[in-house]
Every structure is written in structure tokens, then in C-alpha cells.
file run-v2.cif (mmCIF, C-alpha atoms)
data_my_file
loop_
_atom_site.label_atom_id
_atom_site.label_comp_id
_atom_site.auth_asym_id
_atom_site.auth_seq_id
_atom_site.Cartn_x
_atom_site.Cartn_y
_atom_site.Cartn_z
CA VAL U 1 86.12 18.33 41.55
CA THR U 2 83.91 16.42 39.14
CA GLY U 3 80.33 17.15 37.91
CA GLU U 4 78.05 15.58 35.38
CA ASN U 5 74.61 17.12 35.65
CA VAL U 6 73.68 20.74 35.41
CA GLY U 7 74.49 22.54 38.61
CA LEU U 8 77.02 24.55 40.68
CA TYR U 9 79.86 22.50 42.20
CA ALA U 10 82.35 23.85 44.83
CA ILE U 11 86.00 23.05 44.12
CA GLN U 12 87.42 21.38 47.27
CA GLN U 13 91.06 21.74 48.58
CA ASN U 14 93.12 18.60 48.18
CA THR U 15 96.52 17.63 49.39
CA LEU U 16 98.87 18.96 46.78
CA ALA U 17 102.55 18.44 46.48
CA LEU U 18 104.96 20.58 44.57
CA SER U 19 107.66 18.98 42.60
CA THR U 20 110.10 21.45 44.04
CA SER U 21 109.07 21.82 47.59
CA THR U 22 111.94 23.91 48.82
CA ASN U 23 111.45 27.02 46.82
CA TYR U 24 107.72 27.38 46.72
CA SER U 25 104.72 27.22 48.98
CA LEU U 26 101.27 26.10 47.82
CA THR U 27 98.23 28.25 48.63
CA TYR U 28 94.63 26.98 47.83
CA VAL U 29 92.18 29.50 46.37
CA GLY U 30 88.46 28.33 46.55
CA ALA U 31 86.24 28.33 43.35
CA ASN U 32 83.05 26.81 41.87
CA LEU U 33 82.43 24.62 38.86
CA THR U 34 79.21 25.43 36.87
CA ILE U 35 77.48 23.08 34.36
CA THR U 36 74.67 24.81 32.36
CA GLN U 37 71.71 23.21 30.48
CA LYS U 38 72.27 22.05 26.95
CA PRO U 39 69.83 23.60 24.41
CA VAL U 40 67.83 21.03 22.43
CA THR U 41 65.04 21.14 19.88
CA ALA U 42 61.74 19.22 20.00
CA SER U 43 59.87 18.04 16.90
CA ILE U 44 56.43 16.39 16.65
CA THR U 45 54.23 14.47 14.24
CA ALA U 46 50.41 14.37 14.37
CA SER U 47 47.86 11.91 13.03
CA ASP U 48 45.15 12.77 10.56
CA LYS U 49 41.61 12.67 11.90
CA THR U 50 38.00 12.75 10.78
CA TYR U 51 36.06 15.93 11.34
CA ASP U 52 34.41 16.02 14.78
CA GLY U 53 33.75 19.72 15.23
CA THR U 54 36.81 20.30 17.41
CA ASN U 55 40.40 21.31 16.60
CA THR U 56 41.87 18.81 19.05
CA ALA U 57 44.88 16.98 17.58
CA THR U 58 46.55 13.73 18.49
CA ILE U 59 50.35 13.76 18.57
CA THR U 60 51.83 10.47 17.46
CA THR U 61 55.53 11.15 18.10
CA CYS U 62 57.65 13.70 19.94
CA SER U 63 61.44 13.56 19.57
CA ILE U 64 64.43 15.58 20.83
CA SER U 65 67.37 16.57 18.69
CA GLY U 66 70.66 17.96 20.01
CA LYS U 67 70.86 15.85 23.18
CA VAL U 68 73.95 13.96 24.26
CA VAL U 69 73.97 10.56 22.67
CA GLY U 70 72.64 7.97 25.03
CA ASP U 71 70.86 10.35 27.38
CA ASP U 72 67.37 9.31 28.34
CA VAL U 73 65.57 12.55 27.54
CA GLY U 74 62.18 12.70 25.90
CA CYS U 75 59.29 15.08 25.59
CA THR U 76 55.59 15.32 26.39
CA VAL U 77 52.98 17.41 24.61
CA THR U 78 49.85 19.19 25.75
CA ASN U 79 47.33 21.46 24.11
CA ALA U 80 47.76 19.85 20.70
CA HIS U 81 45.42 21.49 18.23
CA PHE U 82 44.81 22.10 14.55
CA ALA U 83 44.76 25.64 13.27
CA SER U 84 41.10 25.12 12.28
CA SER U 85 38.39 22.68 13.35
CA ASN U 86 37.05 22.41 9.78
CA ALA U 87 37.89 19.66 7.36
CA ASN U 88 40.40 20.57 4.69
CA ALA U 89 41.55 18.76 1.63
CA ILE U 90 45.16 19.76 2.30
CA PRO U 91 47.17 19.38 5.54
CA GLN U 92 47.03 22.21 8.03
CA THR U 93 49.26 23.29 10.88
CA VAL U 94 49.11 21.44 14.17
CA THR U 95 50.61 23.15 17.20
CA ALA U 96 51.39 21.59 20.59
CA THR U 97 53.02 22.72 23.85
CA VAL U 98 56.18 20.70 24.47
CA ALA U 99 57.90 19.84 27.77
CA LEU U 100 61.03 17.76 28.38
CA SER U 101 60.74 14.48 30.25
CA GLY U 102 63.08 11.87 31.61
CA LEU U 103 65.40 11.42 34.60
CA ILE U 104 67.96 13.95 33.40
CA ALA U 105 65.60 16.28 31.61
CA SER U 106 66.85 19.11 33.83
CA ASN U 107 70.21 19.00 32.02
CA TYR U 108 68.53 20.31 28.86
CA THR U 109 66.50 23.30 27.85
CA LEU U 110 64.11 24.13 25.04
CA GLY U 111 64.69 27.78 25.66
CA THR U 112 61.73 29.80 24.47
CA ASN U 113 60.77 27.14 21.92
CA THR U 114 58.17 25.42 24.10
CA THR U 115 55.81 24.90 21.18
CA ALA U 116 56.25 22.69 18.16
CA THR U 117 54.37 22.51 14.90
CA THR U 118 53.66 19.90 12.27
CA THR U 119 50.95 19.29 9.66
CA ALA U 120 48.02 16.86 9.48
CA THR U 121 44.70 16.60 7.69
CA ILE U 122 41.09 16.73 8.96
CA THR U 123 39.03 14.65 6.58
CA LYS U 124 35.28 14.96 6.03
CA ALA U 125 32.98 13.03 8.35
CA ASP U 126 29.88 11.01 7.56
CA ALA U 127 26.73 12.68 8.80
CA HIS U 128 24.29 10.72 10.94
CA ILE U 129 21.46 10.13 8.47
CA THR U 130 18.19 8.38 9.22
CA VAL U 131 15.56 7.83 6.51
CA THR U 132 12.28 6.27 7.64
CA PRO U 133 10.09 4.76 4.90
CA TYR U 134 6.31 4.79 4.83
CA THR U 135 4.78 1.33 4.58
CA SER U 136 1.54 -0.28 3.51
CA GLY U 137 1.03 -1.23 7.15
CA THR U 138 0.52 2.41 8.05
CA THR U 139 -0.11 4.21 4.76
CA THR U 140 -3.20 3.66 2.60
CA TYR U 141 -3.92 5.38 -0.71
CA ASP U 142 -5.62 8.73 -0.04
CA ASN U 143 -4.85 10.63 -3.27
CA ASN U 144 -2.16 12.62 -1.47
CA PRO U 145 1.59 12.43 -2.11
CA HIS U 146 3.64 10.64 0.53
CA THR U 147 7.36 11.15 1.18
CA ALA U 148 9.72 9.25 3.45
CA SER U 149 10.81 11.15 6.55
CA GLY U 150 14.46 11.73 7.33
CA THR U 151 16.96 13.56 9.50
CA ALA U 152 20.59 14.48 8.98
CA ILE U 153 22.68 15.69 11.92
CA GLY U 154 26.36 16.28 12.48
CA VAL U 155 28.94 14.55 14.66
CA GLU U 156 29.60 17.57 16.90
CA SER U 157 28.95 17.39 20.63
CA THR U 158 26.00 19.65 19.88
CA PRO U 159 25.08 18.14 16.51
CA ALA U 160 24.66 20.49 13.59
CA ASP U 161 21.29 20.48 11.81
CA LEU U 162 22.03 19.23 8.29
CA ASN U 163 18.45 18.54 7.18
CA SER U 164 18.63 21.15 4.44
CA LEU U 165 21.22 18.97 2.68
CA LEU U 166 19.01 15.86 2.72
CA HIS U 167 16.83 15.35 -0.37
CA LEU U 168 13.90 12.91 -0.18
CA GLY U 169 12.04 13.83 -3.39
CA GLY U 170 12.86 10.45 -4.93
CA THR U 171 10.68 8.78 -2.30
CA THR U 172 7.51 10.71 -3.14
CA HIS U 173 4.54 8.72 -4.47
CA THR U 174 0.78 9.18 -4.63
CA GLU U 175 -0.44 5.98 -6.25
CA ALA U 176 -0.73 2.74 -4.29
CA GLY U 177 2.17 0.40 -4.95
CA ASP U 178 5.40 -1.17 -3.72
CA TYR U 179 8.52 0.95 -4.19
CA PRO U 180 11.54 -1.07 -3.02
CA THR U 181 14.26 1.19 -4.44
CA ASP U 182 13.20 4.76 -3.71
CA SER U 183 16.26 7.00 -3.77
CA TRP U 184 17.44 9.72 -1.39
CA SER U 185 20.61 11.84 -1.43
CA PHE U 186 22.68 13.98 0.92
CA ASP U 187 24.67 16.87 -0.57
CA GLY U 188 27.41 17.09 2.02
CA ASN U 189 29.47 20.23 2.59
CA GLY U 190 32.95 21.27 3.59
CA ASN U 191 32.89 19.05 6.67
CA TYR U 192 30.64 16.17 5.58
CA ASN U 193 30.77 13.62 2.82
CA SER U 194 27.98 13.50 0.28
CA THR U 195 26.12 10.19 0.13
CA SER U 196 22.97 8.55 -1.17
CA GLY U 197 20.85 5.47 -0.63
CA VAL U 198 17.56 3.72 -1.20
CA VAL U 199 14.58 3.01 1.00
CA HIS U 200 11.65 0.62 0.62
CA ASP U 201 8.36 2.53 0.57
CA SER U 202 4.86 1.17 -0.03
CA ILE U 203 1.28 2.47 -0.16
CA ALA U 204 -1.55 0.01 0.43
CA LYS U 205 -4.61 -0.03 -1.81
CA ALA U 206 -7.74 1.52 -0.34
CA ASN U 207 -11.15 -0.10 -0.06
CA ALA U 208 -13.74 1.42 -2.36
CA ASN U 209 -17.22 2.23 -1.03
CA ILE U 210 -19.27 -0.40 -2.84
CA THR U 211 -23.03 -0.82 -3.01
CA VAL U 212 -24.74 -3.48 -5.13
CA THR U 213 -28.55 -3.29 -5.30
CA PRO U 214 -30.43 -6.46 -6.33
CA TYR U 215 -33.60 -6.40 -8.39
CA SER U 216 -36.99 -7.93 -7.68
CA VAL U 217 -39.11 -7.48 -10.82
CA THR U 218 -41.80 -9.17 -12.83
CA TYR U 219 -40.89 -10.97 -16.03
CA ASN U 220 -41.15 -8.71 -19.05
CA GLY U 221 -39.02 -10.51 -21.59
CA SER U 222 -36.06 -8.16 -21.10
CA ALA U 223 -32.71 -8.83 -19.42
CA HIS U 224 -32.26 -7.42 -15.91
CA THR U 225 -28.95 -6.62 -14.19
CA ALA U 226 -28.26 -5.52 -10.62
CA VAL U 227 -27.19 -1.93 -10.13
CA GLY U 228 -23.84 -1.17 -8.52
CA SER U 229 -22.06 1.96 -7.38
CA ALA U 230 -18.46 2.35 -6.24
CA THR U 231 -16.79 5.51 -5.02
CA GLY U 232 -13.25 6.17 -3.94
CA VAL U 233 -11.31 8.83 -2.09
CA GLY U 234 -12.97 12.21 -2.43
CA GLY U 235 -16.10 10.61 -3.89
CA VAL U 236 -14.49 9.75 -7.23
CA ASP U 237 -16.71 7.47 -9.34
CA LEU U 238 -15.24 3.98 -9.72
CA SER U 239 -18.33 2.28 -11.14
CA SER U 240 -16.49 1.43 -14.35
CA GLY U 241 -14.66 -1.24 -12.37
CA PHE U 242 -17.82 -3.29 -11.84
CA ASP U 243 -18.55 -6.60 -13.52
CA LEU U 244 -22.24 -7.25 -12.87
CA SER U 245 -22.75 -9.71 -15.71
CA GLY U 246 -23.19 -12.51 -13.18
CA THR U 247 -26.42 -10.86 -12.07
CA THR U 248 -27.97 -10.61 -15.55
CA ARG U 249 -31.17 -12.66 -15.92
CA THR U 250 -34.06 -12.67 -18.36
CA HIS U 251 -36.29 -15.56 -17.30
CA ALA U 252 -38.44 -15.67 -14.23
CA GLY U 253 -36.80 -17.32 -11.26
CA ASP U 254 -35.20 -16.90 -7.84
CA TYR U 255 -31.46 -16.26 -7.96
CA PRO U 256 -30.08 -16.15 -4.41
CA THR U 257 -26.38 -16.39 -5.34
CA ASP U 258 -25.89 -14.06 -8.27
CA THR U 259 -22.24 -12.98 -8.40
CA TRP U 260 -20.59 -9.61 -8.93
CA SER U 261 -16.98 -8.46 -8.93
CA PHE U 262 -15.12 -5.17 -8.71
CA SER U 263 -11.69 -4.45 -10.16
CA GLY U 264 -10.01 -1.68 -8.18
CA GLY U 265 -7.10 -1.07 -10.52
CA VAL U 266 -3.95 0.54 -9.15
CA ASN U 267 -5.31 2.25 -6.04
CA TYR U 268 -8.21 0.14 -4.79
CA ASN U 269 -8.64 -3.41 -3.60
CA ASP U 270 -10.54 -5.84 -5.79
CA ALA U 271 -13.81 -7.09 -4.31
CA ASN U 272 -16.57 -9.57 -5.07
CA GLY U 273 -19.77 -10.87 -3.58
CA VAL U 274 -23.22 -12.38 -4.11
CA ILE U 275 -26.71 -10.90 -4.07
CA HIS U 276 -30.24 -12.24 -4.17
CA ASP U 277 -32.04 -11.31 -7.39
CA CYS U 278 -35.56 -12.33 -8.31
CA ILE U 279 -37.77 -12.19 -11.42
CA LYS U 280 -41.38 -13.00 -10.62
CA LYS U 281 -43.60 -14.84 -13.06
CA ALA U 282 -45.89 -12.65 -15.11
CA ASP U 283 -49.62 -13.07 -15.76
CA ALA U 284 -50.32 -14.32 -19.25
CA THR U 285 -53.14 -12.64 -21.13
CA ILE U 286 -55.80 -15.31 -21.58
CA VAL U 287 -59.00 -14.90 -23.52
CA VAL U 288 -61.56 -17.76 -23.59
CA THR U 289 -64.60 -17.26 -25.81
CA PRO U 290 -67.56 -19.52 -25.04
CA TYR U 291 -70.01 -20.92 -27.58
CA THR U 292 -73.63 -20.04 -26.89
CA SER U 293 -77.05 -21.32 -27.81
CA ALA U 294 -77.54 -18.14 -29.76
CA THR U 295 -74.87 -19.19 -32.17
CA THR U 296 -74.52 -22.93 -31.62
CA THR U 297 -77.23 -25.45 -32.30
CA TYR U 298 -76.90 -29.14 -31.72
CA ASP U 299 -75.46 -30.70 -34.83
CA GLY U 300 -74.20 -34.00 -33.48
CA ARG U 301 -70.61 -32.79 -33.37
CA PRO U 302 -68.50 -31.80 -30.32
CA HIS U 303 -68.07 -28.09 -29.65
CA THR U 304 -65.18 -26.48 -27.69
CA ALA U 305 -64.73 -22.92 -26.48
CA SER U 306 -62.05 -20.99 -28.34
CA GLY U 307 -59.17 -19.27 -26.54
CA THR U 308 -55.79 -17.61 -26.81
CA ALA U 309 -52.86 -17.14 -24.41
CA THR U 310 -50.34 -14.38 -25.12
CA GLY U 311 -47.25 -13.15 -23.28
CA VAL U 312 -46.07 -9.74 -22.15
CA ASN U 313 -44.67 -8.94 -25.57
CA GLY U 314 -47.64 -10.28 -27.48
CA GLU U 315 -46.03 -13.65 -28.12
CA SER U 316 -48.34 -16.64 -28.48
CA LEU U 317 -48.16 -19.10 -25.59
CA SER U 318 -48.99 -22.76 -25.58
CA GLY U 319 -50.41 -24.47 -22.54
CA LEU U 320 -54.08 -23.40 -22.75
CA ASP U 321 -56.26 -26.49 -22.19
CA LEU U 322 -59.91 -26.02 -23.26
CA GLY U 323 -60.87 -29.70 -23.11
CA GLY U 324 -63.20 -29.10 -20.19
CA THR U 325 -65.42 -26.95 -22.42
CA THR U 326 -66.11 -29.65 -25.02
CA HIS U 327 -69.75 -30.82 -25.40
CA THR U 328 -71.77 -32.49 -28.16
CA ASN U 329 -75.29 -32.59 -26.78
CA ALA U 330 -77.50 -29.57 -26.51
CA GLY U 331 -77.51 -28.07 -23.07
CA ASP U 332 -76.50 -25.25 -20.78
CA TYR U 333 -72.98 -25.53 -19.34
CA PRO U 334 -72.45 -22.54 -17.02
CA SER U 335 -69.12 -23.64 -15.44
CA ASP U 336 -67.05 -25.31 -18.08
CA PRO U 337 -63.42 -25.35 -16.82
CA TRP U 338 -60.24 -24.34 -18.66
CA THR U 339 -56.61 -24.33 -17.48
CA PHE U 340 -53.37 -22.65 -18.49
CA THR U 341 -50.09 -24.37 -17.73
CA ASP U 342 -46.98 -22.39 -18.71
CA GLY U 343 -44.17 -24.33 -20.26
CA THR U 344 -41.63 -21.49 -20.35
CA GLY U 345 -41.36 -20.89 -16.63
CA ASN U 346 -42.05 -17.21 -17.09
CA TYR U 347 -45.83 -17.13 -16.51
CA LYS U 348 -48.15 -18.10 -13.73
CA ASN U 349 -50.33 -21.14 -14.18
CA THR U 350 -54.03 -20.30 -13.95
CA SER U 351 -57.52 -21.62 -14.57
CA GLY U 352 -61.10 -20.47 -14.90
CA THR U 353 -64.61 -21.32 -16.13
CA VAL U 354 -66.72 -20.29 -19.08
CA HIS U 355 -70.45 -20.45 -19.75
CA ASP U 356 -71.15 -22.59 -22.81
CA SER U 357 -74.50 -23.65 -24.27
CA ILE U 358 -75.82 -25.65 -27.24
CA ALA U 359 -79.37 -24.97 -28.43
CA PRO U 360 -81.63 -27.96 -29.31
CA LYS U 361 -82.08 -28.41 -33.02
CA PRO U 362 -85.68 -27.79 -34.21
CA VAL U 363 -87.36 -30.80 -36.01
CA THR U 364 -90.54 -31.07 -38.21
CA VAL U 365 -93.11 -33.76 -37.34
CA SER U 366 -95.63 -34.89 -40.01
CA ILE U 367 -98.44 -37.42 -39.52
CA THR U 368 -100.01 -39.27 -42.44
CA GLY U 369 -102.81 -41.86 -42.59
CA GLY U 370 -106.54 -42.13 -43.28
CA PRO U 371 -109.13 -41.04 -43.56
CA PHE U 372 -110.52 -44.42 -42.54
CA THR U 373 -114.07 -45.67 -42.37
CA TYR U 374 -114.92 -47.55 -39.29
CA ASP U 375 -114.69 -51.22 -39.82
CA GLY U 376 -114.05 -52.45 -36.29
CA ASN U 377 -110.27 -52.81 -36.91
CA PRO U 378 -107.36 -50.67 -35.46
CA HIS U 379 -105.79 -48.19 -37.82
CA SER U 380 -102.38 -46.44 -37.42
CA ALA U 381 -101.06 -43.05 -38.49
CA THR U 382 -97.45 -42.62 -39.79
CA ILE U 383 -95.34 -39.99 -37.95
CA THR U 384 -92.15 -38.59 -39.60
#
call {"tool": "encode", "arguments": {"input": "run-v2.cif", "output": "C-alpha cells"}}
result
Amino acid sequence: VTGENVGLYAIQQNTLALSTSTNYSLTYVGANLTITQKPVTASITASDKTYDGTNTATITTCSISGKVVGDDVGCTVTNAHFASSNANAIPQTVTATVALSGLIASNYTLGTNTTATTTATITKADAHITVTPYTSGTTTYDNNPHTASGTAIGVESTPADLNSLLHLGGTTHTEAGDYPTDSWSFDGNGNYNSTSGVVHDSIAKANANITVTPYSVTYNGSAHTAVGSATGVGGVDLSSGFDLSGTTRTHAGDYPTDTWSFSGGVNYNDANGVIHDCIKKADATIVVTPYTSATTTYDGRPHTASGTATGVNGESLSGLDLGGTTHTNAGDYPSDPWTFTDGTGNYKNTSGTVHDSIAPKPVTVSITGGPFTYDGNPHSATIT
């Protein structure tokens, strides 16, 4: 009988011949041949992995020791797992259930050693981190601090909330501006790597509430400037940012395009514009004093009314023309004209009349001649 694989084999009777056939007889007694399984040992290796919240392990090799050389016997593994699902800086035990495989696997046995162990490492994972900046497209200066928003979650099938480990304080700003390198950090823990990064934040400048009030006044010799007010968030006074010098005028005139500008500084937009200012001409103070027959008697010379023109600050003004009041001959002139033409541009032109008069000059008449005695001839008197 012959047998190779594990099993029970019956020994069969064969034709036997004795070397001395005369003295002996041959009797066959039946029996069985048994081949039992050969004990072997399985060993495994596992690959390192990154933390994923599970203790599942991946077996990279499984080998059999103690088998007959050349036999095609291998092994398969199931239920491979780390001792812990947490990351660890040092290797930890990996256990797997082992089964024999191959065409003649039944010739071998693992006995009670159906599990095998090895070591491998679970390294820390990178958390899923999202940091969302605030931008000038959506965020305008409002005197409040602004901070980027962010989330940090784990890699588990039901992700762990890791927000408490995410720090966004480096992205906090109140003033308007561009902040291209705001910093954030993530602490990490036993299962997650710490990390950090930058985000580009920006806060747009706000528009100030601006009012510029033009002036419409009468010339008084003083400089006039438009009045402006500017307020910001919360009613803060920003009037110091005004430049109203382009609206400053002293002389009478119409100024439809006077310019102003506003400097908003860090948090507010600059602005500018034009307004319509006006300084109206003033009335000059004009006094014209006539000459009268009570004080002026014909003397053969021309007489002219006297007059003065003064401005709003008592300054003497030229431009008073009294030529229309000039007379030489005695007479009554109830509507002598005068005119005032301003040369400065600050006063209204005007005109009027005055009542002048020149009294006739009294003369003495004397007559001399005679007495004459009649003699039939004409005689003349002399009149002086």
C-alpha cells in the first residue's frame, strides 16, 4: 500500500511467495495505513497606516514555516486589527485570524494557533481644515472686529469635531485694510497632526456721511468758506478730514464750481465734489452834498456838488462821478445827476440826483449926469 496525503489507507492482500514454500504457509492479515496532518506555524507582517478612526489592519504577507519543502501551502488572514484604533508613536500589536490555503492544505494543521500577531504603527492623520476669509467684497468697515471663519473635522466615518483645536485669532482685524498673510493654527492631538497656514482677509473702507453747505452772502470784506460735516460709523465726527479751501472767497462773485475734498484716512473712502457759492455785491455808502443858493452865489466859476463813497469797512471808494452837478451860472438845478461805478467788483453801481442852486450876485447901479439947463439938445446920464 502507498499513501501520500493525510488519510486512512487499507492495506490490500497481494500475491506473496515464500522463499521456502514447502515448510510454511502464508496467511494475510488485513490492516490500515494512517497519515496524519503535519503541524506548521503561520507568521504575518502588517503595513503601517494613517489614523482613520478604526483599528482595521492590512496584512502584507502571510507565510508558513514547518511545511514539507516544495509543498504548495499558503495562508489567508481575516479579522486583521490593531490593538487600538488610536495613533501611536511606537508600533503596536496587530492580530489576525489565519487559515491554511492551497491544494494540499489539508495535509497540515495550525493546531490551536489560528491567530498570528505582528507589529505596525498608526501614524497621525491630517484633519480636514477649512478656513474662509472675509473679503472687501462682503465686509465693510463697521468699527467691529472681524475674524475668518473655519472648521476642523476628523477623518472618521462620523467625523470628530476638532474646532476647539483651531485658532483663528491671527485673522482678527477691525480697521479697513488688506491683510494677505493672516495666520491661523491647528493644535493637533494624539491622532491628528498640528498644522498652520495663512489666509487673505480684507476689509473695505466705508463711505462717510458727507454734507457740504454752500454760502450765499453779501460782500463784507471778509473771507467766506463753505461749511462741511462728515460723520462715520456710530456718528463719529470726521470733519477734520475736510479740505474746504477751494470754496474760500472774499470778493463778490458767482462761483458755481467751487471744489472740496475729503480725506477718509484708514477706514473711510476719500471723496470730493463741487458746490455753488455766491457773494453778492454790497451797497456802497454814498453821500452827495449839494451846493445851494443860500451858500453859493454866482462868482463866475464852476461849482460841483461834493460827495463821498465808502465801503462796508469804511474804506474810501473811487468811482463817484459828480460831473453832472457842475454849473457856473446862477440858477436852480433840482435834478443834477451823479453816478457811482465800482471798480473793485464788490459793490453795486448806482446813480441819483441832487438839488443844486446858485444865487444871482447882487450889483450896485449908479447914475451920474446933469443937472442940465434946457438948450434944445439931447443930454445923457452915465450908468455904472
call {"tool": "residues_around", "arguments": {"input": "run-v2.cif", "residues": "stretch 344-348 of chain U", "least_positions_apart": "3", "cutoff": "9 Å", "atoms": "all atoms listed in the file", "output": "PyMOL selection string"}}
result
chain U and resi 219-221+251-253+279-284+311+317+340-341
call {"tool": "resolve_selection", "arguments": {"input": "run-v2.cif", "expression": "the PyMOL selection byres ((chain U and resi 121) around 9)", "output": "VMD selection string"}}
result
chain U and resid 47 to 50 82 87 to 93 119 to 120 122 to 123
call {"tool": "write_last_selection", "arguments": {"input": "run-v2.cif", "atoms": "C-alpha atoms", "output": "PDB file, in the coordinates of the input"}}
result
ATOM      1  CA  SER U  47      47.860  11.910  13.030  1.00  0.00           C
ATOM      2  CA  ASP U  48      45.150  12.770  10.560  1.00  0.00           C
ATOM      3  CA  LYS U  49      41.610  12.670  11.900  1.00  0.00           C
ATOM      4  CA  THR U  50      38.000  12.750  10.780  1.00  0.00           C
ATOM      5  CA  PHE U  82      44.810  22.100  14.550  1.00  0.00           C
ATOM      6  CA  ALA U  87      37.890  19.660   7.360  1.00  0.00           C
ATOM      7  CA  ASN U  88      40.400  20.570   4.690  1.00  0.00           C
ATOM      8  CA  ALA U  89      41.550  18.760   1.630  1.00  0.00           C
ATOM      9  CA  ILE U  90      45.160  19.760   2.300  1.00  0.00           C
ATOM     10  CA  PRO U  91      47.170  19.380   5.540  1.00  0.00           C
ATOM     11  CA  GLN U  92      47.030  22.210   8.030  1.00  0.00           C
ATOM     12  CA  THR U  93      49.260  23.290  10.880  1.00  0.00           C
ATOM     13  CA  THR U 119      50.950  19.290   9.660  1.00  0.00           C
ATOM     14  CA  ALA U 120      48.020  16.860   9.480  1.00  0.00           C
ATOM     15  CA  ILE U 122      41.090  16.730   8.960  1.00  0.00           C
ATOM     16  CA  THR U 123      39.030  14.650   6.580  1.00  0.00           C
TER      17      THR U 123
END
call {"tool": "atom_distance", "arguments": {"input": "run-v2.cif", "atom1": "atom CA of U:Asp270", "atom2": "atom CA of U:Asn207"}}
result
8.1 Å
call {"tool": "closest_residue", "arguments": {"input": "run-v2.cif", "among": "U:Gly323, U:Gly197, U:Gly154, U:Pro39", "to": "U:Thr112", "atoms": "only C-alpha atoms"}}
result
U:Pro39
call {"tool": "resolve_selection", "arguments": {"input": "run-v2.cif", "expression": "the PyMOL selection byres ((chain U and resi 164) around 10)", "output": "NGL selection string"}}
result
:U and (151-152 or 161-163 or 165-167 or 186-188)
call {"tool": "write_last_selection", "arguments": {"input": "run-v2.cif", "atoms": "C-alpha atoms", "output": "JSON list (two decimals), keeping the file's coordinate frame"}}
result
[["chain", "number", "residue", "atom", "x", "y", "z"],
["U", 151, "THR", "CA", 16.96, 13.56, 9.50],
["U", 152, "ALA", "CA", 20.59, 14.48, 8.98],
["U", 161, "ASP", "CA", 21.29, 20.48, 11.81],
["U", 162, "LEU", "CA", 22.03, 19.23, 8.29],
["U", 163, "ASN", "CA", 18.45, 18.54, 7.18],
["U", 165, "LEU", "CA", 21.22, 18.97, 2.68],
["U", 166, "LEU", "CA", 19.01, 15.86, 2.72],
["U", 167, "HIS", "CA", 16.83, 15.35, -0.37],
["U", 186, "PHE", "CA", 22.68, 13.98, 0.92],
["U", 187, "ASP", "CA", 24.67, 16.87, -0.57],
["U", 188, "GLY", "CA", 27.41, 17.09, 2.02]]
call {"tool": "resolve_selection", "arguments": {"input": "run-v2.cif", "expression": "the PyMOL selection byres ((chain U and resi 173-184) around 8)", "output": "PyMOL selection string"}}
result
chain U and resi 140-147+166-172+185-186+196-205+266-268
